[in-house]
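Data first, discussion second: the structure below is written as structure tokens.
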Amino acid sequence: MKELALKYGCNPNQKPSRIYMTEGELPIEVLNGRPGYINFLDALNGWQLVKELKEAPGMPAATSFKHVSPAGAAIGLPLSDTLKKIYFVDDVQIPLSPVACAYARARGADRMSSYGDFIALSDTCDAATATLIKREVSDGVIAPDYTEEALQILREKRKGTYNVIKIDPDYVPEPIERKQVFGITFEQGRNEIKLNDPALFENIPTASKTFTDEAKRDLMIALITLKYTQSNSVCYVKNGQTIGVGAGQQSRIHCTRLAGQKADNWQLRHMDKVLNLPFRDDVAKPNRDNAIDVYIGDTPEDVIGDDVWAETFTEQPAPLTAEEKKEYLSKVTGVCLGSDAFFPFGDNIERARRSGVTAIVQPGGSIRDQQVIDTCNANKKPFGIFVGTTEAARKYRDLGASYIAIASDLAFMAKGYHQMVDELKK
């Protein structure tokens, strides 16, 4: 099959719509449903992410994509009893395979953002993974293959319309990619930078230069996730999974704050008060996710107030105070942080510190690199920062199509030429 007609493009008024190959056959097969334009953007970018993510630690990987950026990504490490409860899989009766664990982690990283996600799996979707997927609100899944049992489970989802895509794992795209904007064609070489290369982590300019293998693994996960995230983007990672992705912000510090708040929320879900919230049996998972998000946020009265608590809980929960949250988060450590371009100011480091970050990877290239390094060195926690010296990746993304610019470690990397000239004059 060389082309596949779609219902419509990004919006219902954008017709006709299709995906097609100029040479060869499409490397995908739709096994169920009718995926749309955005579905395929999520699916194909998600597939690239998990394929690359698996190559780094050699473990099955999964991602939960929404609006052409990953809400979560993870490798298939086993789940603790606490994580099973946080991710609402503690009642699953069958053993969870590594790929199932990877999806539970990817979905659980930011359950609010993952609502209605498109899933990508690096390995064959088995019955355990399909069982988890069936329980969630999701648009579809892409994987290299499916067991018969898994396919049957997925075909029963969403009244038989759930999107299931099979992709050829051996497919290699052409080295040149193109995109049209306003009738003008853009052409460039694909971004083939290998972010699991240990050489990327050789330059450590901070005083702290010792990192565990787990930290290096998590830093690679951060970089690979960011490669497929709309810029500007920042990613927090802990124990083999993202816990906060800040995507598509014009300001780097706003990325760091957004992703940091998501990471903090993930940490706070581990607190006993949150784990033991007395939900009514008839409250569905999406409503529980929303209630938890509000409860640990700044307006808990919206769900535990005297006039509303009975809608969600069997008894009125005690508030989670700001002091309790601050005390709990002050003990968090071992979080890794990645950025898709340089941090221009030390304020990003200070914000990262409050979320337990102890290792950072970023390309470098700011005229204020030394200020950022000094902020790391002055920190109370053992910070480290990797700065690429041979090449630094900077990317531009539009509706999921990857456009990467590779530059040397010059400050031109993250800003337009004229903007940079103006800054250098200051």
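Here's how to read the names in the structure tokens: chain A, B, ... by the order shown, residue numbers from 1 in each chain, ligand numbers from 1 in the order shown.
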| task | Going by DSSP on the backbone, which bits of region 173-365 of chain A are strand (DSSP E or B)? Write them as JSON, numbers by chain, please. | result | {"A": [176, 177, 178, 179, 180, 181, 184, 185, 186, 187, 188, 189, 233, 234, 235, 236, 237, 238, 241, 242, 243, 244, 245, 246, 247, 279, 313, 335, 336, 337, 338, 339, 357, 358, 359, 360, 361, 362]}
| task | Enumerate as a VMD selection string all residues of region 76-194 of chain A assigned to helix (DSSP H, G or I) by DSSP on the backbone, naming them with the chain letters and numbers the document uses. | result | chain A and resid 81 to 86 98 to 108 111 to 114 127 to 134 148 to 155 157 to 160
Only N, CA and C atoms, please: the residues just picked out, written as a compact mmCIF listing (two decimals), in the first residue's frame.
```txt
# COMPACT_ATOMS: atom_id res chain seq x y z
N ASP A 81 4.93 -1.84 44.72
CA ASP A 81 3.52 -1.85 45.12
C ASP A 81 2.96 -0.42 45.16
N THR A 82 3.80 0.53 45.59
CA THR A 82 3.34 1.92 45.63
C THR A 82 3.06 2.45 44.24
N LEU A 83 3.96 2.19 43.30
CA LEU A 83 3.74 2.65 41.93
C LEU A 83 2.51 1.99 41.31
N LYS A 84 2.30 0.72 41.60
CA LYS A 84 1.11 0.04 41.07
C LYS A 84 -0.16 0.75 41.55
N LYS A 85 -0.14 1.19 42.79
CA LYS A 85 -1.32 1.88 43.34
C LYS A 85 -1.47 3.26 42.71
N ILE A 86 -0.36 3.98 42.57
CA ILE A 86 -0.40 5.32 41.97
C ILE A 86 -0.89 5.25 40.52
N PRO A 98 7.52 -6.70 31.05
CA PRO A 98 8.31 -5.47 30.98
C PRO A 98 7.67 -4.39 30.11
N VAL A 99 7.08 -4.77 28.96
CA VAL A 99 6.46 -3.76 28.11
C VAL A 99 5.20 -3.19 28.77
N ALA A 100 4.50 -4.00 29.53
CA ALA A 100 3.33 -3.51 30.28
C ALA A 100 3.78 -2.54 31.36
N CYS A 101 4.86 -2.87 32.04
CA CYS A 101 5.39 -1.96 33.07
C CYS A 101 5.83 -0.64 32.44
N ALA A 102 6.43 -0.73 31.25
CA ALA A 102 6.87 0.48 30.56
C ALA A 102 5.68 1.38 30.26
N TYR A 103 4.57 0.79 29.79
CA TYR A 103 3.40 1.62 29.51
C TYR A 103 2.76 2.17 30.78
N ALA A 104 2.67 1.36 31.82
CA ALA A 104 2.11 1.85 33.08
C ALA A 104 2.90 3.05 33.58
N ARG A 105 4.21 2.99 33.45
CA ARG A 105 5.07 4.11 33.88
C ARG A 105 4.87 5.33 32.97
N ALA A 106 4.85 5.10 31.66
CA ALA A 106 4.70 6.21 30.73
C ALA A 106 3.36 6.91 30.93
N ARG A 107 2.31 6.14 31.09
CA ARG A 107 0.98 6.71 31.32
C ARG A 107 0.92 7.38 32.69
N GLY A 108 1.57 6.77 33.68
CA GLY A 108 1.50 7.27 35.04
C GLY A 108 2.35 8.49 35.31
N ARG A 111 -0.69 11.58 34.36
CA ARG A 111 -1.96 10.99 33.95
C ARG A 111 -2.96 12.02 33.45
N MET A 112 -2.89 13.23 33.95
CA MET A 112 -3.79 14.27 33.46
C MET A 112 -3.53 14.56 31.98
N SER A 113 -2.27 14.69 31.61
CA SER A 113 -1.92 15.00 30.22
C SER A 113 -2.09 13.79 29.31
N SER A 114 -2.01 12.59 29.86
CA SER A 114 -2.10 11.37 29.04
C SER A 114 -3.54 10.98 28.69
N ALA A 127 -0.84 -9.55 26.04
CA ALA A 127 -2.15 -9.46 26.69
C ALA A 127 -2.11 -8.56 27.91
N ALA A 128 -1.01 -8.60 28.67
CA ALA A 128 -0.92 -7.76 29.86
C ALA A 128 -0.95 -6.28 29.49
N THR A 129 -0.20 -5.91 28.46
CA THR A 129 -0.17 -4.52 28.03
C THR A 129 -1.53 -4.11 27.47
N ALA A 130 -2.14 -4.97 26.65
CA ALA A 130 -3.45 -4.67 26.10
C ALA A 130 -4.49 -4.50 27.20
N THR A 131 -4.37 -5.26 28.25
CA THR A 131 -5.30 -5.16 29.38
C THR A 131 -5.20 -3.79 30.03
N LEU A 132 -3.97 -3.31 30.21
CA LEU A 132 -3.79 -1.97 30.79
C LEU A 132 -4.34 -0.90 29.86
N ILE A 133 -4.09 -1.05 28.56
CA ILE A 133 -4.56 -0.06 27.59
C ILE A 133 -6.08 -0.01 27.56
N LYS A 134 -6.71 -1.16 27.62
CA LYS A 134 -8.17 -1.22 27.55
C LYS A 134 -8.83 -0.45 28.69
N GLU A 148 -2.18 -12.53 19.38
CA GLU A 148 -3.59 -12.70 19.02
C GLU A 148 -4.50 -12.29 20.17
N GLU A 149 -4.11 -12.66 21.38
CA GLU A 149 -4.93 -12.31 22.54
C GLU A 149 -4.96 -10.80 22.75
N ALA A 150 -3.82 -10.16 22.59
CA ALA A 150 -3.77 -8.70 22.76
C ALA A 150 -4.63 -8.01 21.71
N LEU A 151 -4.55 -8.49 20.47
CA LEU A 151 -5.32 -7.87 19.39
C LEU A 151 -6.82 -8.02 19.64
N GLN A 152 -7.22 -9.15 20.15
CA GLN A 152 -8.63 -9.35 20.45
C GLN A 152 -9.10 -8.40 21.56
N ILE A 153 -8.26 -8.21 22.57
CA ILE A 153 -8.60 -7.29 23.67
C ILE A 153 -8.75 -5.87 23.13
N LEU A 154 -7.82 -5.44 22.30
CA LEU A 154 -7.83 -4.08 21.79
C LEU A 154 -8.99 -3.84 20.82
N ARG A 155 -9.35 -4.85 20.05
CA ARG A 155 -10.46 -4.71 19.10
C ARG A 155 -11.81 -4.56 19.81
N LYS A 157 -12.12 -2.61 22.41
CA LYS A 157 -12.10 -1.30 23.05
C LYS A 157 -12.82 -0.26 22.20
N ARG A 158 -13.46 0.68 22.85
CA ARG A 158 -14.15 1.80 22.22
C ARG A 158 -15.15 1.32 21.16
N LYS A 159 -15.93 0.33 21.57
CA LYS A 159 -16.98 -0.23 20.70
C LYS A 159 -16.43 -0.70 19.35
N GLY A 160 -15.21 -1.21 19.39
CA GLY A 160 -14.61 -1.78 18.18
C GLY A 160 -13.91 -0.80 17.28
```
| query | Separation of CA of Asp117 (chain A) and CA of Gly240 (chain A), in Å? | reply |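 Separation between CA of Asp117 (chain A) and CA of Gly240 (chain A): 20.2 Å.
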| message | Residues near Thr63 (chain A), anyone? I mean within 10 Å using only C-alpha atoms, not counting same-chain ones fewer than 3 positions away, as a count of residues only. | response | 33
When you look at Asp369 (chain A) with a cut-off of 9 Å (counting only C-alpha atoms), what residues show up, excluding the ones that are within fewer than 2 positions of it in the same chain? I need them as a short mmCIF file (atom, residue, chain, number, x, y, z; two decimals) with C-alpha atoms, in the first residue's frame.
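File around.cif, as written:
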```cif
data_model
loop_
_atom_site.label_atom_id
_atom_site.label_comp_id
_atom_site.auth_asym_id
_atom_site.auth_seq_id
_atom_site.Cartn_x
_atom_site.Cartn_y
_atom_site.Cartn_z
CA PHE A 342 21.15 25.79 26.87
CA PHE A 343 19.95 27.25 30.15
CA PRO A 344 20.46 31.00 29.71
CA PHE A 345 20.33 31.84 33.43
CA GLY A 346 20.98 30.19 36.78
CA GLY A 364 25.56 24.51 26.54
CA GLY A 365 26.47 27.43 24.36
CA SER A 366 25.06 30.34 26.34
CA ILE A 367 27.21 33.43 26.89
CA GLN A 371 26.96 31.64 35.60
CA VAL A 372 24.89 28.47 35.22
CA ILE A 373 27.88 26.31 36.19
CA ASP A 374 28.60 28.53 39.19
#
```
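With CA of Ala263 (chain A) on one side and CA of Ala291 (chain A) on the other, the separation reads 17.3 Å.
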| query | So which residues touch Ile360 (chain A) within 12 Å, counting only C-alpha atoms, skipping near sequence neighbours fewer than 3 positions away, as a PyMOL selection string? | reply | chain A and resi 201+204-206+208-209+211+215-216+218-223+234-237+256+334-343+348-349+352-353+356-357+363-364+372-373+376+382-388
How would the residues just chosen look if you wrote them out with C-alpha atoms as a CSV table (one decimal), in the first residue's frame?
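Result went into result_14.csv, see below:
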```csv
chain,number,residue,atom,x,y,z
A,201,PHE,CA,28.7,12.9,28.6
A,204,ILE,CA,31.6,17.8,33.0
A,205,PRO,CA,32.4,21.4,33.9
A,206,THR,CA,31.0,21.4,37.4
A,208,SER,CA,30.8,17.4,41.1
A,209,LYS,CA,31.9,14.9,38.4
A,211,PHE,CA,27.4,10.1,38.5
A,215,ALA,CA,21.8,8.8,36.6
A,216,LYS,CA,23.5,8.5,33.2
A,218,ASP,CA,18.1,8.7,33.2
A,219,LEU,CA,19.9,11.6,31.5
A,220,MET,CA,19.9,9.6,28.2
A,221,ILE,CA,16.1,9.0,28.7
A,222,ALA,CA,15.7,12.7,29.2
A,223,LEU,CA,17.6,13.6,26.0
A,234,VAL,CA,12.7,20.4,29.5
A,235,CYS,CA,12.3,16.9,31.0
A,236,TYR,CA,12.6,15.5,34.5
A,237,VAL,CA,13.4,11.8,34.9
A,256,THR,CA,11.5,24.3,33.8
A,334,GLY,CA,18.2,11.7,42.7
A,335,VAL,CA,16.1,13.4,40.0
A,336,CYS,CA,17.7,14.0,36.6
A,337,LEU,CA,17.0,17.0,34.3
A,338,GLY,CA,17.5,17.4,30.6
A,339,SER,CA,17.0,20.5,28.4
A,340,ASP,CA,16.8,20.6,24.6
A,341,ALA,CA,18.9,23.8,24.5
A,342,PHE,CA,21.2,25.8,26.9
A,343,PHE,CA,20.0,27.2,30.1
A,348,ASN,CA,16.6,27.3,36.0
A,349,ILE,CA,19.1,25.5,38.2
A,352,ALA,CA,15.4,22.4,39.4
A,353,ARG,CA,17.0,22.1,42.8
A,356,GLY,CA,15.3,17.2,43.9
A,357,VAL,CA,17.5,17.4,40.7
A,363,PRO,CA,23.9,21.3,25.2
A,364,GLY,CA,25.6,24.5,26.5
A,372,VAL,CA,24.9,28.5,35.2
A,373,ILE,CA,27.9,26.3,36.2
A,376,CYS,CA,25.4,24.4,40.2
A,382,PRO,CA,25.8,17.6,44.5
A,383,PHE,CA,24.9,19.0,41.1
A,384,GLY,CA,26.5,18.0,37.9
A,385,ILE,CA,26.0,19.3,34.4
A,386,PHE,CA,27.1,17.8,31.1
A,387,VAL,CA,27.7,20.2,28.3
A,388,GLY,CA,28.3,18.9,24.8
```
| Contacts of Asp123 (chain A) at 8 Å (only C-alpha atoms; same-chain gap of 5+ positions) as number ranges by chain | A: 60-61, 99, 143-145
Hey, can you spit out that residue selection with N, CA and C atoms as a tab-separated table (two decimals), in the first residue's frame?
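And here is the file that came out, again_26.tsv:
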```
chain	number	residue	atom	x	y	z
A	60	PRO	N	12.56	-2.93	26.97
A	60	PRO	CA	11.34	-2.46	26.31
A	60	PRO	C	10.98	-1.06	26.78
A	61	ALA	N	10.41	-0.28	25.86
A	61	ALA	CA	10.07	1.10	26.18
A	61	ALA	C	8.67	1.42	25.69
A	99	VAL	N	7.08	-4.77	28.96
A	99	VAL	CA	6.46	-3.76	28.11
A	99	VAL	C	5.20	-3.19	28.77
A	143	ALA	N	2.72	-0.47	17.45
A	143	ALA	CA	3.71	-1.43	17.94
A	143	ALA	C	4.20	-2.26	16.76
A	144	PRO	N	5.35	-2.92	16.92
A	144	PRO	CA	5.85	-3.75	15.83
A	144	PRO	C	5.03	-5.01	15.60
A	145	ASP	N	4.28	-5.43	16.62
A	145	ASP	CA	3.44	-6.62	16.46
A	145	ASP	C	2.51	-6.73	17.66
```
| message | My list of candidates is A:Val332, A:Leu268, A:Leu77, A:Ala310. Which is closest to Val283 (chain A) when distances are computed with only C-alpha atoms? | response | A:Ala310
| field | Contact residues around region 23-34 of chain A with only C-alpha atoms at 9 Å, ignoring same-chain residues under 6 positions, as a VMD selection string | value | chain A and resid 1 to 4 6 to 7 140 151 154 to 155 160 to 171
Could you write those residues out with C-alpha atoms, as a compact mmCIF listing (two decimals), in the first residue's frame?
```txt
# COMPACT_ATOMS: atom_id res chain seq x y z
CA MET A 1 0.00 0.00 0.00
CA LYS A 2 1.50 3.30 -1.12
CA GLU A 3 -1.12 5.66 0.38
CA LEU A 4 -3.88 5.80 2.95
CA LEU A 6 -7.65 9.97 6.05
CA LYS A 7 -10.97 11.37 7.24
CA GLY A 140 -4.75 4.27 19.73
CA LEU A 151 -5.32 -7.87 19.39
CA LEU A 154 -7.83 -4.08 21.79
CA ARG A 155 -10.46 -4.71 19.10
CA GLY A 160 -14.61 -1.78 18.18
CA THR A 161 -13.21 1.49 16.81
CA TYR A 162 -9.94 1.67 18.76
CA ASN A 163 -6.98 2.49 16.50
CA VAL A 164 -4.38 -0.26 16.26
CA ILE A 165 -1.36 0.23 13.98
CA LYS A 166 1.38 -2.25 13.19
CA ILE A 167 4.70 -0.85 11.99
CA ASP A 168 7.60 -2.58 10.26
CA PRO A 169 10.43 -2.44 12.83
CA ASP A 170 13.02 -2.70 10.06
CA TYR A 171 11.78 0.33 8.15
```
| field | Proximity to Ile253 (chain A) - best of A:Asp347, A:Ala318, A:Gly189, A:Arg288, only C-alpha atoms | value | A:Asp347
| Counting only C-alpha atoms, the residue of A:Gly248, A:Pro173, A:Gly9, A:Gly260 that sits nearest Met21 (chain A) |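 Ranked by minimum distance to Met21 (chain A), first place goes to A:Pro173.
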| message | Between CA of Asp139 (chain A) and CA of Phe65 (chain A), what is the distance in Å, rounded to a tenth? | response |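 Going from CA of Asp139 (chain A) over to CA of Phe65 (chain A) covers 9.9 Å.
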